[in-house]
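Worksheet: the structure to be examined is printed underneath.
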Number of protein chains: 2
Amino acid sequence: MAETLTTAALTLKDIAREAGVSLATVDRVLHNRPGVRPDTVRRVRDAIERNSFQPHVAAAELARGRARRFAFVMPSGPNPFMQQIEAYLGEMTAWLSARRLNVEMVTTDVFDAAVLAASLETLSGDYDGVAVVALDHPTVRAAINDLVDAGSKVVTLVSDVPSSRRHHYVGIDNIAAGRTAGALVGRLVGGRSGKVAVVAGSQGLRDHAERIFGFNQVMASEFPDLSVLPVLEGRDEDERSEQLLARLLGRHADIVGLYNVGAGTQGVAQALNNKALSEAGRDKVVFVGHDVTALTRRLLLQGVMDAAISQNPGHEARAAVRVLLALARGEPILREQEKIRIDIVMRDNLP
Amino acid sequence: MAETLTTAALTLKDIAREAGVSLATVDRVLHNRPGVRPDTVRRVRDAIERNSFQPHVAAAELARGRARRFAFVMPSGPNPFMQQIEAYLGEMTAWLSARRLNVEMVTTDVFDAAVLAASLETLSGDYDGVAVVALDHPTVRAAINDLVDAGSKVVTLVSDVPSSRRHHYVGIDNIAAGRTAGALVGRLVGGRSGKVAVVAGSQGLRDHAERIFGFNQVMASEFPDLSVLPVLEGRDEDERSEQLLARLLGRHADIVGLYNVGAGTQGVAQALNNKALSEAGRDKVVFVGHDVTALTRRLLLQGVMDAAISQNPGHEARAAVRVLLALARGEPILREQEKIRIDIVMRDNLP
DNA sequence: CTCAAAATGAGTTGCGTACCTCAAAACACC
DNA sequence: GGTGTTTTGAGGTACGCAACTCATTTTGAG
């Protein structure tokens, strides 16, 4: 009827007694300090293991004294998604200062490898942890590795650099996101056959490329009645996206679906809402895009957009902080908790 | 370019000096202990406010000494959703014991108000916090209020008792969940017209009733071509659900959609997979249900089920612990973080 | 066996708060 | 003014660990 999930509360002193050594030696083992025989190390580790001893977080935190410094390296442009991340970090201030954590925002041009790498270099050695929205480029990869070597914990945010030695990635699986978009477009089109348009920022961006890959995968294998048109590269700009898409819609009368991979949503929506189009009596185009912002929220409510694939920015911000903290403390990471899920947002489950 | 989100690290001593009182007095104010003139209380509060002082969580936790005890009151039956919650709590053991938190599972018949209330009464006074999957019934409400009066922090889990004085509810908005299910069934049916079946556990359960309400709302207002059949009450049992549904499918040849509100999924799926049905050359029935379990996962992959509305059980378990801890510490709750979102899970974004 | 180096023990201090005691001061009341 | 009560100050101890010093023991190489 009742079952306890936790163990007794041992202290380092107990471990020392168990292992037959002094507190000083346990301390040396626990912090990988030199001057302990391998044999003794093993005995201490065994005692810790046997009793599944967990150092008291509060005591450890209190004893170390100095506060921890984390840096968030974010794009400098007016990106709503990033602004939301900043906003959520702002909401955590009480939480952060109660734990004596200092979080600093560093903005930079994350799309220029050299600039980004330079920004990262300036942080070297000064921070316990760094979260960075990273471009996947050799220069950036080197900068990240340098940070790691300097002792910082590094977490990539939103966009990963898998070839670097970063400690963790906080963000979604973009291939799965693309697959989900594909499934949604296919299903929501509802059996009609026709063409599907894809608008992306650039196929050079890792996350965009991966999403397109996943999207095509699903379309090819599961919706043979739908054919995907060549990807339009709108560079995440509204005007350009609108023009390209408008032209495409003009050329193909049988477009029934649209996947907008990145930003430029405003332009895409305008191209879809074009008067000439609706007057031609064409079917509604199923429109699936990314991220819940003020704009996409409105479009979903209006029925212009049918579904948004969303990675909760608040969750990303908080997860990044928690992961950095856990890494800095040497605690295990709750992988399930820190995993960023792919949310499907439709009108009725708008958050 | 760089911006800090946190404030200086003051201590209680600083506040005492600021307010012109001694440490003891600050302590009395902070813990609402008696024996301080209202005027002095104000001076201390002002000093705290002015400096936006935050007590050091780690120090407070260390000083109080004794561990905190939390109880989770859960249904005793073999409910996969609840089992997942237990499993996720199990994964947190390291996290919990590092914070000296004791979590105990108490199983009981949560569907019997008297039994549940009795279980709650036995916990009175012994726990810092209680999370309970609660039936909304006057007896239970009273028991919850008693717990609150005895000094425990109380959180309702999955199913709420809004009229009680519980401190927090960790779970989804079930009306919105029903609306989402409605939108999914409607959209995935893809323009066909016909009838929609609804299978629930019982309309007496608050969460089921709310889901049905939301579902009907959307169906009525947005999908006039679909008519919802009277709700089948399967009592969350497989056999009963299967029989009822099979009979209904036999009577109505034009059922195109199905919403399974609660459990009994196995039976529902079997009724749908009935040979006689497929041999009759009928269209596929769009099937939307709740929760991602081993079973629904399989059904989604097989294409039998089209979408699952999910409230992430891991998230619920962790949120309940975090909320109880924050309440016990007197910390503010990060509402955005602890809000349980309604996830739409389809084959391609299976977690 | 000798001696230096390596390993270990014993101990201290401090982190910021909770919680407690006891004495002193301020106050209210008659 | 004296009395009793309320309010405040001063100080101590404890929590579990990090980080450090210094003395002592053990070890291994010559």
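How things are named: the first chain in the structure tokens is A, the next is B, and so on; residues count from 1 in each chain; ligands count from 1 in the order shown.
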Residue neighbourhood segment 279-295 of chain B, 7 Å, only C-alpha atoms (C1' of nucleotides), exclusion window fewer than 2 positions, as an NGL selection string: :B and (80 or 181 or 185 or 188-189 or 255-262 or 275-277 or 297-299 or 305-311)
File dump, residues just selected, C-alpha atoms, as a PDB file, in the first residue's frame:
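Contents of again-v7.pdb, as written:
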```
ATOM      1  CA  PRO B  80      -0.854   1.955 -17.465  1.00  0.00           C
ATOM      2  CA  ALA B 181      -9.900  15.522 -30.214  1.00  0.00           C
ATOM      3  CA  VAL B 185     -11.432  13.689 -35.873  1.00  0.00           C
ATOM      4  CA  LEU B 188      -8.727  13.719 -40.408  1.00  0.00           C
ATOM      5  CA  VAL B 189     -12.073  12.477 -41.673  1.00  0.00           C
ATOM      6  CA  ILE B 255     -19.577   5.712 -39.026  1.00  0.00           C
ATOM      7  CA  VAL B 256     -16.456   7.555 -40.173  1.00  0.00           C
ATOM      8  CA  GLY B 257     -14.960   8.677 -36.890  1.00  0.00           C
ATOM      9  CA  LEU B 258     -14.439   7.465 -33.348  1.00  0.00           C
ATOM     10  CA  TYR B 259     -13.345   9.193 -30.183  1.00  0.00           C
ATOM     11  CA  ASN B 260     -12.278   7.034 -27.289  1.00  0.00           C
ATOM     12  CA  VAL B 261     -12.379   9.271 -24.236  1.00  0.00           C
ATOM     13  CA  GLY B 262     -10.797   7.018 -21.627  1.00  0.00           C
ATOM     14  CA  LYS B 275     -13.110  -8.946 -39.973  1.00  0.00           C
ATOM     15  CA  ALA B 276     -16.749  -8.620 -40.910  1.00  0.00           C
ATOM     16  CA  LEU B 277     -16.257  -4.910 -41.056  1.00  0.00           C
ATOM     17  CA  ARG B 297       1.883   3.260 -29.605  1.00  0.00           C
ATOM     18  CA  ARG B 298       1.441   0.005 -31.457  1.00  0.00           C
ATOM     19  CA  LEU B 299      -1.957   1.016 -32.776  1.00  0.00           C
ATOM     20  CA  MET B 305      -5.269   4.660 -34.430  1.00  0.00           C
ATOM     21  CA  ASP B 306      -4.755   8.023 -36.077  1.00  0.00           C
ATOM     22  CA  ALA B 307      -3.891  10.297 -33.218  1.00  0.00           C
ATOM     23  CA  ALA B 308      -3.532  10.208 -29.466  1.00  0.00           C
ATOM     24  CA  ILE B 309      -4.130  13.121 -27.181  1.00  0.00           C
ATOM     25  CA  SER B 310      -1.471  12.840 -24.557  1.00  0.00           C
ATOM     26  CA  GLN B 311      -0.663  14.406 -21.254  1.00  0.00           C
TER      27      GLN B 311
END
```
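Residues from chain D found within 9 Å of chain B are DT6, DT7, DT8, DG9, DA10, DA14, DC15 and DG16 of chain D, counting only C-alpha atoms (C1' of nucleotides).
Distance check against chain C using only C-alpha atoms (C1' of nucleotides): of A:Ala16, A:Ala117, A:Leu10, A:Leu350, the minimum falls on A:Ala16.
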Pull out every residue of chain A sitting within 7 Å of chain B, counting only C-alpha atoms, and send them as a PDB file with N, CA and C atoms, in the first residue's frame.
```
ATOM      1  N   MET A   1       0.815  -1.210   0.000  1.00  0.00           N
ATOM      2  CA  MET A   1       0.000   0.000   0.000  1.00  0.00           C
ATOM      3  C   MET A   1       0.850   1.262   0.000  1.00  0.00           C
ATOM      4  N   ALA A   2       1.907   1.257   0.790  1.00  0.00           N
ATOM      5  CA  ALA A   2       2.796   2.424   0.731  1.00  0.00           C
ATOM      6  C   ALA A   2       4.207   1.951   0.447  1.00  0.00           C
ATOM      7  N   GLU A   3       4.900   2.708  -0.363  1.00  0.00           N
ATOM      8  CA  GLU A   3       6.220   2.281  -0.818  1.00  0.00           C
ATOM      9  C   GLU A   3       7.100   3.509  -0.927  1.00  0.00           C
ATOM     10  N   THR A   4       8.291   3.409  -0.382  1.00  0.00           N
ATOM     11  CA  THR A   4       9.176   4.575  -0.387  1.00  0.00           C
ATOM     12  C   THR A   4      10.147   4.501  -1.538  1.00  0.00           C
ATOM     13  N   LEU A   5      10.392   5.644  -2.145  1.00  0.00           N
ATOM     14  CA  LEU A   5      11.242   5.671  -3.327  1.00  0.00           C
ATOM     15  C   LEU A   5      12.647   6.171  -3.049  1.00  0.00           C
ATOM     16  N   THR A   6      12.947   6.419  -1.777  1.00  0.00           N
ATOM     17  CA  THR A   6      14.245   7.016  -1.505  1.00  0.00           C
ATOM     18  C   THR A   6      14.995   6.260  -0.426  1.00  0.00           C
ATOM     19  N   THR A   7      16.285   6.526  -0.365  1.00  0.00           N
ATOM     20  CA  THR A   7      17.152   5.785   0.540  1.00  0.00           C
ATOM     21  C   THR A   7      17.491   6.626   1.755  1.00  0.00           C
ATOM     22  N   ALA A   9      19.602   8.795   4.503  1.00  0.00           N
ATOM     23  CA  ALA A   9      20.387   9.993   4.234  1.00  0.00           C
ATOM     24  C   ALA A   9      21.767   9.857   4.866  1.00  0.00           C
ATOM     25  N   GLN A  54      24.388   9.841  -2.245  1.00  0.00           N
ATOM     26  CA  GLN A  54      24.261  11.054  -3.045  1.00  0.00           C
ATOM     27  C   GLN A  54      24.685  12.242  -2.194  1.00  0.00           C
ATOM     28  N   PRO A  55      25.690  12.984  -2.625  1.00  0.00           N
ATOM     29  CA  PRO A  55      26.065  14.172  -1.836  1.00  0.00           C
ATOM     30  C   PRO A  55      24.860  15.101  -1.729  1.00  0.00           C
ATOM     31  N   HIS A  56      24.710  15.710  -0.605  1.00  0.00           N
ATOM     32  CA  HIS A  56      23.607  16.631  -0.374  1.00  0.00           C
ATOM     33  C   HIS A  56      23.815  17.887  -1.231  1.00  0.00           C
ATOM     34  N   VAL A  57      22.955  18.058  -2.234  1.00  0.00           N
ATOM     35  CA  VAL A  57      23.125  19.171  -3.176  1.00  0.00           C
ATOM     36  C   VAL A  57      23.242  20.499  -2.448  1.00  0.00           C
ATOM     37  N   ALA A  58      22.356  20.699  -1.490  1.00  0.00           N
ATOM     38  CA  ALA A  58      22.324  21.994  -0.807  1.00  0.00           C
ATOM     39  C   ALA A  58      23.635  22.256  -0.093  1.00  0.00           C
ATOM     40  N   ALA A  59      24.137  21.249   0.578  1.00  0.00           N
ATOM     41  CA  ALA A  59      25.385  21.425   1.319  1.00  0.00           C
ATOM     42  C   ALA A  59      26.533  21.714   0.364  1.00  0.00           C
ATOM     43  N   GLU A  61      26.398  22.974  -2.591  1.00  0.00           N
ATOM     44  CA  GLU A  61      26.220  24.281  -3.203  1.00  0.00           C
ATOM     45  C   GLU A  61      26.637  25.391  -2.239  1.00  0.00           C
ATOM     46  N   LEU A  62      26.248  25.209  -1.016  1.00  0.00           N
ATOM     47  CA  LEU A  62      26.568  26.218  -0.006  1.00  0.00           C
ATOM     48  C   LEU A  62      28.067  26.287   0.234  1.00  0.00           C
ATOM     49  N   GLY A  90      13.948  35.674 -18.395  1.00  0.00           N
ATOM     50  CA  GLY A  90      13.650  36.789 -17.514  1.00  0.00           C
ATOM     51  C   GLY A  90      12.678  36.401 -16.419  1.00  0.00           C
ATOM     52  N   THR A  93      14.179  34.891 -13.058  1.00  0.00           N
ATOM     53  CA  THR A  93      15.172  35.598 -12.249  1.00  0.00           C
ATOM     54  C   THR A  93      15.117  35.223 -10.775  1.00  0.00           C
ATOM     55  N   SER A  97      18.227  33.617  -8.875  1.00  0.00           N
ATOM     56  CA  SER A  97      19.011  34.278  -7.831  1.00  0.00           C
ATOM     57  C   SER A  97      18.879  33.543  -6.507  1.00  0.00           C
ATOM     58  N   ALA A  98      17.787  32.810  -6.320  1.00  0.00           N
ATOM     59  CA  ALA A  98      17.672  31.994  -5.113  1.00  0.00           C
ATOM     60  C   ALA A  98      18.727  30.889  -5.127  1.00  0.00           C
ATOM     61  N   ARG A  99      19.228  30.581  -6.299  1.00  0.00           N
ATOM     62  CA  ARG A  99      20.263  29.548  -6.424  1.00  0.00           C
ATOM     63  C   ARG A  99      21.626  30.144  -6.711  1.00  0.00           C
ATOM     64  N   ARG A 100      21.692  31.444  -6.618  1.00  0.00           N
ATOM     65  CA  ARG A 100      22.946  32.161  -6.864  1.00  0.00           C
ATOM     66  C   ARG A 100      23.538  31.816  -8.232  1.00  0.00           C
ATOM     67  N   ASN A 102      24.161  33.246 -12.071  1.00  0.00           N
ATOM     68  CA  ASN A 102      24.184  34.436 -12.910  1.00  0.00           C
ATOM     69  C   ASN A 102      24.076  34.035 -14.370  1.00  0.00           C
ATOM     70  N   VAL A 103      23.053  34.531 -15.015  1.00  0.00           N
ATOM     71  CA  VAL A 103      22.880  34.228 -16.435  1.00  0.00           C
ATOM     72  C   VAL A 103      23.059  35.516 -17.229  1.00  0.00           C
ATOM     73  N   GLU A 104      23.956  35.452 -18.193  1.00  0.00           N
ATOM     74  CA  GLU A 104      24.186  36.642 -19.010  1.00  0.00           C
ATOM     75  C   GLU A 104      23.839  36.354 -20.458  1.00  0.00           C
ATOM     76  N   MET A 105      23.164  37.301 -21.091  1.00  0.00           N
ATOM     77  CA  MET A 105      22.811  37.168 -22.488  1.00  0.00           C
ATOM     78  C   MET A 105      23.890  37.820 -23.331  1.00  0.00           C
ATOM     79  N   VAL A 106      24.386  37.095 -24.303  1.00  0.00           N
ATOM     80  CA  VAL A 106      25.355  37.662 -25.237  1.00  0.00           C
ATOM     81  C   VAL A 106      24.753  37.542 -26.621  1.00  0.00           C
ATOM     82  N   THR A 107      24.571  38.659 -27.289  1.00  0.00           N
ATOM     83  CA  THR A 107      24.005  38.585 -28.640  1.00  0.00           C
ATOM     84  C   THR A 107      25.116  38.776 -29.652  1.00  0.00           C
ATOM     85  N   ALA A 176      12.571  14.422 -37.479  1.00  0.00           N
ATOM     86  CA  ALA A 176      11.259  14.013 -36.994  1.00  0.00           C
ATOM     87  C   ALA A 176      10.246  15.144 -37.154  1.00  0.00           C
ATOM     88  N   ARG A 179       9.171  15.105 -40.663  1.00  0.00           N
ATOM     89  CA  ARG A 179       8.277  13.960 -40.890  1.00  0.00           C
ATOM     90  C   ARG A 179       6.877  14.288 -40.383  1.00  0.00           C
ATOM     91  N   THR A 180       6.828  14.884 -39.209  1.00  0.00           N
ATOM     92  CA  THR A 180       5.539  15.232 -38.630  1.00  0.00           C
ATOM     93  C   THR A 180       4.802  16.222 -39.528  1.00  0.00           C
ATOM     94  N   ALA A 183       3.403  14.312 -42.411  1.00  0.00           N
ATOM     95  CA  ALA A 183       2.217  13.539 -42.052  1.00  0.00           C
ATOM     96  C   ALA A 183       1.004  14.448 -41.926  1.00  0.00           C
ATOM     97  N   ARG A 187      -2.220  14.187 -44.251  1.00  0.00           N
ATOM     98  CA  ARG A 187      -3.500  13.811 -43.671  1.00  0.00           C
ATOM     99  C   ARG A 187      -4.545  14.899 -43.823  1.00  0.00           C
ATOM    100  N   LEU A 188      -4.133  16.131 -43.620  1.00  0.00           N
ATOM    101  CA  LEU A 188      -5.101  17.223 -43.632  1.00  0.00           C
ATOM    102  C   LEU A 188      -5.583  17.531 -45.051  1.00  0.00           C
ATOM    103  N   GLY A 190      -6.467  15.377 -47.011  1.00  0.00           N
ATOM    104  CA  GLY A 190      -7.675  14.575 -47.001  1.00  0.00           C
ATOM    105  C   GLY A 190      -7.980  13.829 -48.291  1.00  0.00           C
ATOM    106  N   HIS A 315      10.313  26.017 -22.628  1.00  0.00           N
ATOM    107  CA  HIS A 315      10.898  24.754 -22.197  1.00  0.00           C
ATOM    108  C   HIS A 315      12.379  24.700 -22.579  1.00  0.00           C
ATOM    109  N   GLN A 337      13.180  14.467 -19.050  1.00  0.00           N
ATOM    110  CA  GLN A 337      12.684  15.795 -18.737  1.00  0.00           C
ATOM    111  C   GLN A 337      13.245  16.854 -19.673  1.00  0.00           C
ATOM    112  N   ILE A 342       8.340  17.549 -29.909  1.00  0.00           N
ATOM    113  CA  ILE A 342       7.765  18.232 -31.062  1.00  0.00           C
ATOM    114  C   ILE A 342       6.279  18.364 -30.810  1.00  0.00           C
ATOM    115  N   ASP A 343       5.834  19.592 -30.652  1.00  0.00           N
ATOM    116  CA  ASP A 343       4.417  19.794 -30.390  1.00  0.00           C
ATOM    117  C   ASP A 343       3.675  20.093 -31.680  1.00  0.00           C
ATOM    118  N   ILE A 344       2.526  19.464 -31.812  1.00  0.00           N
ATOM    119  CA  ILE A 344       1.632  19.818 -32.904  1.00  0.00           C
ATOM    120  C   ILE A 344       0.607  20.778 -32.334  1.00  0.00           C
ATOM    121  N   ASP A 348      -7.290  24.371 -31.618  1.00  0.00           N
ATOM    122  CA  ASP A 348      -7.935  24.041 -30.350  1.00  0.00           C
ATOM    123  C   ASP A 348      -6.988  23.657 -29.227  1.00  0.00           C
ATOM    124  N   ASN A 349      -5.748  23.504 -29.533  1.00  0.00           N
ATOM    125  CA  ASN A 349      -4.829  23.296 -28.413  1.00  0.00           C
ATOM    126  C   ASN A 349      -3.734  24.353 -28.394  1.00  0.00           C
TER     127      ASN A 349
END
```
Please tabulate, as a Markdown table, the residues of chain C that come within 12 Å of chain A, each with its closest pair of atoms and the distance in Å to one decimal, counting only C-alpha atoms (C1' of nucleotides) and ordering rows by chain, then residue number upward.
```
| residue | atom | partner | partner_atom | distance |
| --- | --- | --- | --- | --- |
| C:DA5 | C1' | A:Gly35 | CA | 11.0 |
| C:DA6 | C1' | A:Gly35 | CA | 7.0 |
| C:DA7 | C1' | A:Val36 | CA | 6.1 |
| C:DT8 | C1' | A:Thr25 | CA | 7.0 |
| C:DG9 | C1' | A:Ser22 | CA | 6.1 |
| C:DA10 | C1' | A:Ser22 | CA | 8.3 |
| C:DG11 | C1' | A:Ala24 | CA | 9.9 |
| C:DT13 | C1' | A:Ala63 | CA | 10.9 |
| C:DG14 | C1' | A:Ala63 | CA | 7.6 |
| C:DC15 | C1' | A:Ala63 | CA | 4.9 |
| C:DG16 | C1' | A:Leu62 | CA | 7.4 |
| C:DT17 | C1' | A:Leu62 | CA | 10.1 |
```
Same residues, N, CA and C atoms (P, O5', C5', C4', C3', O3' and C1' of nucleotides), saved as a compact mmCIF listing (two decimals), in the first residue's frame:
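Contents of again21.txt, freshly written:
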```txt
# COMPACT_ATOMS: atom_id res chain seq x y z
P DA C 5 61.98 14.07 -3.05
O5' DA C 5 60.72 13.18 -3.42
C5' DA C 5 60.91 11.98 -4.16
C4' DA C 5 59.63 11.17 -4.11
C3' DA C 5 58.35 11.98 -4.33
O3' DA C 5 57.54 11.30 -5.27
C1' DA C 5 58.18 10.77 -2.31
P DA C 6 56.13 11.96 -5.78
O5' DA C 6 55.09 10.97 -5.11
C5' DA C 6 55.32 9.56 -5.17
C4' DA C 6 54.37 8.86 -4.23
C3' DA C 6 52.91 9.32 -4.34
O3' DA C 6 52.09 8.18 -4.49
C1' DA C 6 53.63 9.41 -2.09
P DA C 7 50.50 8.34 -4.72
O5' DA C 7 49.98 8.11 -3.24
C5' DA C 7 50.28 6.87 -2.60
C4' DA C 7 49.76 6.92 -1.18
C3' DA C 7 48.27 7.23 -1.03
O3' DA C 7 47.69 6.14 -0.33
C1' DA C 7 49.58 8.53 0.47
P DT C 8 46.06 6.10 -0.17
O5' DT C 8 45.87 6.86 1.20
C5' DT C 8 46.36 6.22 2.39
C4' DT C 8 46.32 7.18 3.53
C3' DT C 8 44.94 7.70 3.92
O3' DT C 8 44.50 6.95 5.04
C1' DT C 8 46.69 9.32 4.20
P DG C 9 43.11 7.33 5.75
O5' DG C 9 43.64 8.30 6.90
C5' DG C 9 44.68 7.85 7.74
C4' DG C 9 44.93 8.85 8.85
C3' DG C 9 43.68 9.34 9.57
O3' DG C 9 43.96 9.41 10.95
C1' DG C 9 44.82 11.20 8.62
P DA C 10 42.79 9.54 12.00
O5' DA C 10 42.88 11.07 12.40
C5' DA C 10 44.14 11.63 12.78
C4' DA C 10 44.00 13.12 12.93
C3' DA C 10 42.63 13.59 13.43
O3' DA C 10 42.83 14.39 14.58
C1' DA C 10 43.29 14.82 11.51
P DG C 11 41.55 14.90 15.42
O5' DG C 11 41.45 16.41 14.94
C5' DG C 11 42.64 17.18 14.83
C4' DG C 11 42.44 18.36 13.92
C3' DG C 11 41.11 19.10 14.13
O3' DG C 11 41.33 20.26 14.93
C1' DG C 11 41.75 18.97 11.82
P DT C 13 39.46 27.21 13.34
O5' DT C 13 38.91 27.72 11.94
C5' DT C 13 39.82 28.04 10.90
C4' DT C 13 39.03 28.34 9.64
C3' DT C 13 37.76 29.17 9.87
O3' DT C 13 37.77 30.30 9.03
C1' DT C 13 37.27 27.23 8.59
P DG C 14 36.75 31.49 9.35
O5' DG C 14 35.71 31.32 8.15
C5' DG C 14 36.16 31.13 6.82
C4' DG C 14 35.01 30.67 5.97
C3' DG C 14 33.68 31.36 6.27
O3' DG C 14 33.16 31.93 5.10
C1' DG C 14 33.40 29.01 6.25
P DC C 15 32.04 33.05 5.18
O5' DC C 15 30.94 32.49 4.19
C5' DC C 15 31.29 31.85 2.96
C4' DC C 15 30.20 30.90 2.57
C3' DC C 15 28.81 31.36 3.00
O3' DC C 15 28.22 32.10 1.94
C1' DC C 15 29.16 28.99 3.36
P DG C 16 27.60 33.55 2.28
O5' DG C 16 26.14 33.15 2.77
C5' DG C 16 25.29 32.49 1.86
C4' DG C 16 24.09 31.96 2.60
C3' DG C 16 23.32 33.03 3.39
O3' DG C 16 21.96 32.89 3.08
C1' DG C 16 23.87 31.22 4.80
P DT C 17 20.85 33.90 3.67
O5' DT C 17 20.07 32.95 4.66
C5' DT C 17 19.38 31.84 4.13
C4' DT C 17 19.27 30.75 5.16
C3' DT C 17 18.26 30.99 6.26
O3' DT C 17 17.04 30.34 5.89
C1' DT C 17 20.26 29.90 7.03
```
